[in-house]
>>> print(open('target-v1.cif').read())   # mmCIF, C-alpha atoms
data_my_file
#
loop_
_atom_site.label_atom_id
_atom_site.label_comp_id
_atom_site.auth_asym_id
_atom_site.auth_seq_id
_atom_site.Cartn_x
_atom_site.Cartn_y
_atom_site.Cartn_z
CA MET A 22 0.00 0.00 0.00
CA ASP A 23 1.35 3.42 -0.93
CA LYS A 24 1.99 6.06 1.69
CA LYS A 25 1.47 9.75 0.94
CA VAL A 26 3.00 12.25 3.36
CA VAL A 27 1.63 15.81 3.27
CA ASN A 28 2.93 18.96 4.95
CA VAL A 29 0.50 21.80 4.37
CA ALA A 30 1.90 25.19 3.35
CA ASN A 31 -1.10 27.08 4.82
CA ILE A 32 -0.39 25.88 8.37
CA TYR A 33 2.74 26.09 10.49
CA PRO A 34 5.93 24.36 9.36
CA ALA A 35 6.24 20.72 10.44
CA LYS A 36 9.67 20.07 11.91
CA GLY A 37 10.60 16.44 12.48
CA TYR A 38 7.13 15.06 11.67
CA SER A 39 4.44 15.28 8.98
CA HIS A 40 1.12 17.14 9.22
CA SER A 41 -0.63 14.09 7.80
CA VAL A 42 -0.12 10.70 6.21
CA ARG A 43 -2.44 8.78 3.91
CA THR A 44 -2.32 5.05 3.29
CA GLY A 45 -5.05 3.79 1.00
CA PRO A 46 -8.30 5.44 2.06
CA ILE A 47 -7.13 6.31 5.60
CA VAL A 48 -5.68 9.70 6.57
CA TRP A 49 -4.01 10.29 9.93
CA THR A 50 -3.22 13.82 11.04
CA SER A 51 -0.64 14.76 13.60
CA GLY A 52 -1.80 16.63 16.65
CA LEU A 53 -2.52 20.11 15.32
CA VAL A 54 -2.19 23.17 17.52
CA ALA A 55 -3.06 26.88 17.42
CA HIS A 56 -0.11 28.14 15.40
CA ASP A 57 -0.46 30.27 12.30
CA ALA A 58 1.35 29.69 8.99
CA LYS A 59 4.48 31.38 10.38
CA GLY A 60 4.53 29.12 13.44
CA GLN A 61 3.34 31.80 15.87
CA ILE A 62 0.84 30.95 18.59
CA VAL A 63 -2.63 32.35 17.95
CA GLY A 64 -4.78 33.48 20.88
CA ARG A 65 -2.23 33.39 23.66
CA GLY A 66 -4.29 32.67 26.79
CA ASP A 67 -7.56 32.58 24.79
CA ILE A 68 -9.05 29.08 24.51
CA ASN A 69 -11.76 30.23 22.09
CA ALA A 70 -9.22 31.64 19.63
CA GLN A 71 -7.00 28.59 19.96
CA VAL A 72 -9.82 26.13 19.35
CA GLU A 73 -10.84 28.03 16.21
CA GLN A 74 -7.24 28.07 14.94
CA VAL A 75 -6.86 24.34 15.56
CA TYR A 76 -10.04 23.64 13.59
CA SER A 77 -8.82 25.95 10.82
CA ASN A 78 -5.53 24.04 10.67
CA MET A 79 -7.41 20.73 10.67
CA ARG A 80 -9.59 21.96 7.80
CA GLU A 81 -6.42 22.71 5.79
CA ALA A 82 -4.83 19.34 6.63
CA LEU A 83 -7.96 17.46 5.56
CA ALA A 84 -8.35 19.56 2.40
CA SER A 85 -4.81 18.67 1.37
CA HIS A 86 -6.18 15.14 0.84
CA GLY A 87 -9.44 16.32 -0.75
CA LEU A 88 -11.35 15.69 2.49
CA ASP A 89 -13.43 17.70 4.95
CA PHE A 90 -14.85 17.25 8.45
CA SER A 91 -17.58 14.92 7.19
CA ASP A 92 -14.83 12.38 6.37
CA VAL A 93 -13.45 12.30 9.93
CA VAL A 94 -14.14 9.07 11.81
CA LYS A 95 -12.11 9.70 15.01
CA ILE A 96 -10.67 12.72 16.82
CA THR A 97 -8.46 12.88 19.87
CA MET A 98 -8.43 16.15 21.80
CA PHE A 99 -5.95 17.37 24.40
CA ALA A 100 -6.59 20.36 26.66
CA THR A 101 -4.56 21.85 29.48
CA ASN A 102 -7.55 22.63 31.70
CA MET A 103 -10.79 20.72 32.35
CA ALA A 104 -12.62 24.08 32.48
CA PHE A 105 -12.07 24.35 28.69
CA ARG A 106 -14.29 21.34 27.98
CA PRO A 107 -17.58 23.24 27.36
CA ILE A 108 -15.87 25.55 24.86
CA ILE A 109 -14.18 22.66 23.08
CA MET A 110 -17.40 20.60 22.96
CA GLU A 111 -19.34 23.58 21.58
CA ALA A 112 -16.79 23.95 18.78
CA ARG A 113 -16.91 20.22 18.08
CA SER A 114 -20.69 20.51 17.67
CA LYS A 115 -20.20 23.34 15.18
CA TYR A 116 -17.76 21.41 13.00
CA PHE A 117 -19.53 18.07 13.40
CA PRO A 118 -23.22 19.10 13.57
CA THR A 119 -24.52 15.62 12.76
CA ASN A 120 -23.01 12.18 13.17
CA PRO A 121 -19.99 13.28 15.24
CA PRO A 122 -16.92 11.08 15.00
CA ALA A 123 -15.71 8.79 17.74
CA SER A 124 -13.67 10.93 20.09
CA SER A 125 -11.38 10.97 23.09
CA TYR A 126 -10.72 13.93 25.35
CA PHE A 127 -7.67 14.19 27.61
CA VAL A 128 -6.67 16.83 30.10
CA VAL A 129 -2.88 17.13 30.21
CA THR A 130 -0.46 19.19 32.25
CA ALA A 131 1.17 20.73 29.17
CA LEU A 132 1.36 20.51 25.40
CA SER A 133 4.49 20.67 23.23
CA THR A 134 5.22 24.39 23.58
CA GLU A 135 4.44 27.09 26.07
CA HIS A 136 1.04 28.82 25.76
CA GLN A 137 -0.63 26.00 23.82
CA LEU A 138 -4.01 25.22 25.38
CA PHE A 139 -5.58 22.78 22.90
CA GLU A 140 -4.43 20.15 20.42
CA MET A 141 -6.39 17.80 18.18
CA GLU A 142 -5.58 14.89 15.90
CA ALA A 143 -7.89 13.08 13.52
CA ILE A 144 -8.36 9.93 11.49
CA ALA A 145 -10.37 10.34 8.31
CA LEU A 146 -11.64 7.96 5.67
CA ALA A 147 -11.53 8.95 2.01
CA ARG A 148 -14.55 7.86 0.01
CA THR A 149 -12.59 7.37 -3.20
#
>>> encode(input="target-v1.cif", output="structure tokens")
Amino acid sequence: MDKKVVNVANIYPAKGYSHSVRTGPIVWTSGLVAHDAKGQIVGRGDINAQVEQVYSNMREALASHGLDFSDVVKITMFATNMAFRPIIMEARSKYFPTNPPASSYFVVTALSTEHQLFEMEAIALART
């Protein structure tokens, strides 16, 4: 089975990993965070802004394979504070209004760089 590695120009530079990998119909994304295309944190201290940036980055990663949120079958979310859960779940409902994917939610003490509050990875299934 062929493997296609994609690093998306519209989101932050991937250093030492790939934004996403596709094998056959399955696409796995790395954990995506609230960095802009230049690698700068968006919404420092603002969970709402960070969640929106993460979903924007995820949209770009999926689109690089010709996919969208309706193709996602599993998401894994990481937050640095349990109090963020209502905000994160509200956003999930916006991007997955019907038939939400299987999901896991973890509260962690820290993410990969300072000031990151939310991270999300996904598994998607291409229809073609």
>>> resolve_selection(input="target-v1.cif", expression="the PyMOL selection byres ((chain A and resi 122) around 10)", output="PyMOL selection string")
chain A and resi 90-97+113+117+119-121+123-125+143-145
>>> residues_around(input="target-v1.cif", residues="Ser77 in chain A", least_positions_apart="6", cutoff="12 Å", atoms="all atoms listed in the file", output="JSON, numbers by chain")
{"A": [31, 32, 33, 53, 54, 55, 56, 57, 58, 63, 70, 71, 83, 84, 89, 90, 112, 116, 141]}
>>> axis_aligned_box(input="target-v1.cif", around="range 97-114 of chain A", padding_each_side="4 Å", output="JSON")
{"center_x": -12.6, "center_y": 19.2, "center_z": 25.1, "size_x": 24.1, "size_y": 20.7, "size_z": 22.8}
>>> closest_residue(input="target-v1.cif", among="A:Ala35, A:Val72, A:Met110, A:Val48", to="Leu146 in chain A", atoms="all atoms listed in the file")
A:Val48
>>> closest_residue(input="target-v1.cif", among="A:Ile68, A:Asn78, A:Val27, A:Ser41", to="Pro107 in chain A", atoms="all atoms listed in the file")
A:Ile68
>>> resolve_selection(input="target-v1.cif", expression="the PyMOL selection byres ((chain A and resi 45) around 8)", output="list in words")
Met22, Asp23, Lys24, Arg43, Thr44, Pro46 and Ile47 of chain A
>>> atom_distance(input="target-v1.cif", atom1="CA of Thr130 in chain A", atom2="CA of Gln74 in chain A")
20.6 Å
>>> closest_residue(input="target-v1.cif", among="A:Val75, A:Ala100, A:Ile108, A:Ala147", to="Ala131 in chain A", atoms="only C-alpha atoms")
A:Ala100
>>> atom_distance(input="target-v1.cif", atom1="CA of Glu142 in chain A", atom2="CA of Trp49 in chain A")
7.7 Å
>>> decode(input="target-v1.cif", residues="range 80-128 of chain A", atoms="C-alpha atoms", output="mmCIF file, in the first residue's frame")
data_model
loop_
_atom_site.group_PDB
_atom_site.id
_atom_site.type_symbol
_atom_site.label_atom_id
_atom_site.label_comp_id
_atom_site.auth_asym_id
_atom_site.auth_seq_id
_atom_site.Cartn_x
_atom_site.Cartn_y
_atom_site.Cartn_z
ATOM 1 C CA ARG A 80 -9.594 21.956 7.797
ATOM 2 C CA GLU A 81 -6.418 22.708 5.788
ATOM 3 C CA ALA A 82 -4.832 19.344 6.630
ATOM 4 C CA LEU A 83 -7.960 17.457 5.559
ATOM 5 C CA ALA A 84 -8.354 19.565 2.398
ATOM 6 C CA SER A 85 -4.807 18.669 1.369
ATOM 7 C CA HIS A 86 -6.180 15.143 0.838
ATOM 8 C CA GLY A 87 -9.443 16.321 -0.753
ATOM 9 C CA LEU A 88 -11.345 15.687 2.491
ATOM 10 C CA ASP A 89 -13.432 17.701 4.948
ATOM 11 C CA PHE A 90 -14.845 17.255 8.446
ATOM 12 C CA SER A 91 -17.576 14.915 7.194
ATOM 13 C CA ASP A 92 -14.826 12.384 6.368
ATOM 14 C CA VAL A 93 -13.449 12.295 9.931
ATOM 15 C CA VAL A 94 -14.137 9.065 11.813
ATOM 16 C CA LYS A 95 -12.111 9.701 15.008
ATOM 17 C CA ILE A 96 -10.675 12.716 16.825
ATOM 18 C CA THR A 97 -8.461 12.877 19.867
ATOM 19 C CA MET A 98 -8.431 16.147 21.798
ATOM 20 C CA PHE A 99 -5.954 17.372 24.402
ATOM 21 C CA ALA A 100 -6.592 20.362 26.661
ATOM 22 C CA THR A 101 -4.557 21.852 29.476
ATOM 23 C CA ASN A 102 -7.553 22.627 31.701
ATOM 24 C CA MET A 103 -10.790 20.724 32.354
ATOM 25 C CA ALA A 104 -12.624 24.080 32.476
ATOM 26 C CA PHE A 105 -12.069 24.352 28.691
ATOM 27 C CA ARG A 106 -14.289 21.337 27.982
ATOM 28 C CA PRO A 107 -17.580 23.239 27.364
ATOM 29 C CA ILE A 108 -15.874 25.554 24.859
ATOM 30 C CA ILE A 109 -14.180 22.658 23.082
ATOM 31 C CA MET A 110 -17.396 20.604 22.956
ATOM 32 C CA GLU A 111 -19.342 23.575 21.583
ATOM 33 C CA ALA A 112 -16.793 23.949 18.780
ATOM 34 C CA ARG A 113 -16.910 20.218 18.075
ATOM 35 C CA SER A 114 -20.686 20.505 17.674
ATOM 36 C CA LYS A 115 -20.202 23.337 15.183
ATOM 37 C CA TYR A 116 -17.756 21.413 12.997
ATOM 38 C CA PHE A 117 -19.531 18.068 13.401
ATOM 39 C CA PRO A 118 -23.223 19.105 13.568
ATOM 40 C CA THR A 119 -24.522 15.617 12.763
ATOM 41 C CA ASN A 120 -23.006 12.178 13.167
ATOM 42 C CA PRO A 121 -19.995 13.280 15.240
ATOM 43 C CA PRO A 122 -16.921 11.081 15.000
ATOM 44 C CA ALA A 123 -15.712 8.788 17.737
ATOM 45 C CA SER A 124 -13.667 10.928 20.086
ATOM 46 C CA SER A 125 -11.383 10.965 23.089
ATOM 47 C CA TYR A 126 -10.718 13.932 25.355
ATOM 48 C CA PHE A 127 -7.671 14.188 27.606
ATOM 49 C CA VAL A 128 -6.666 16.826 30.097
#
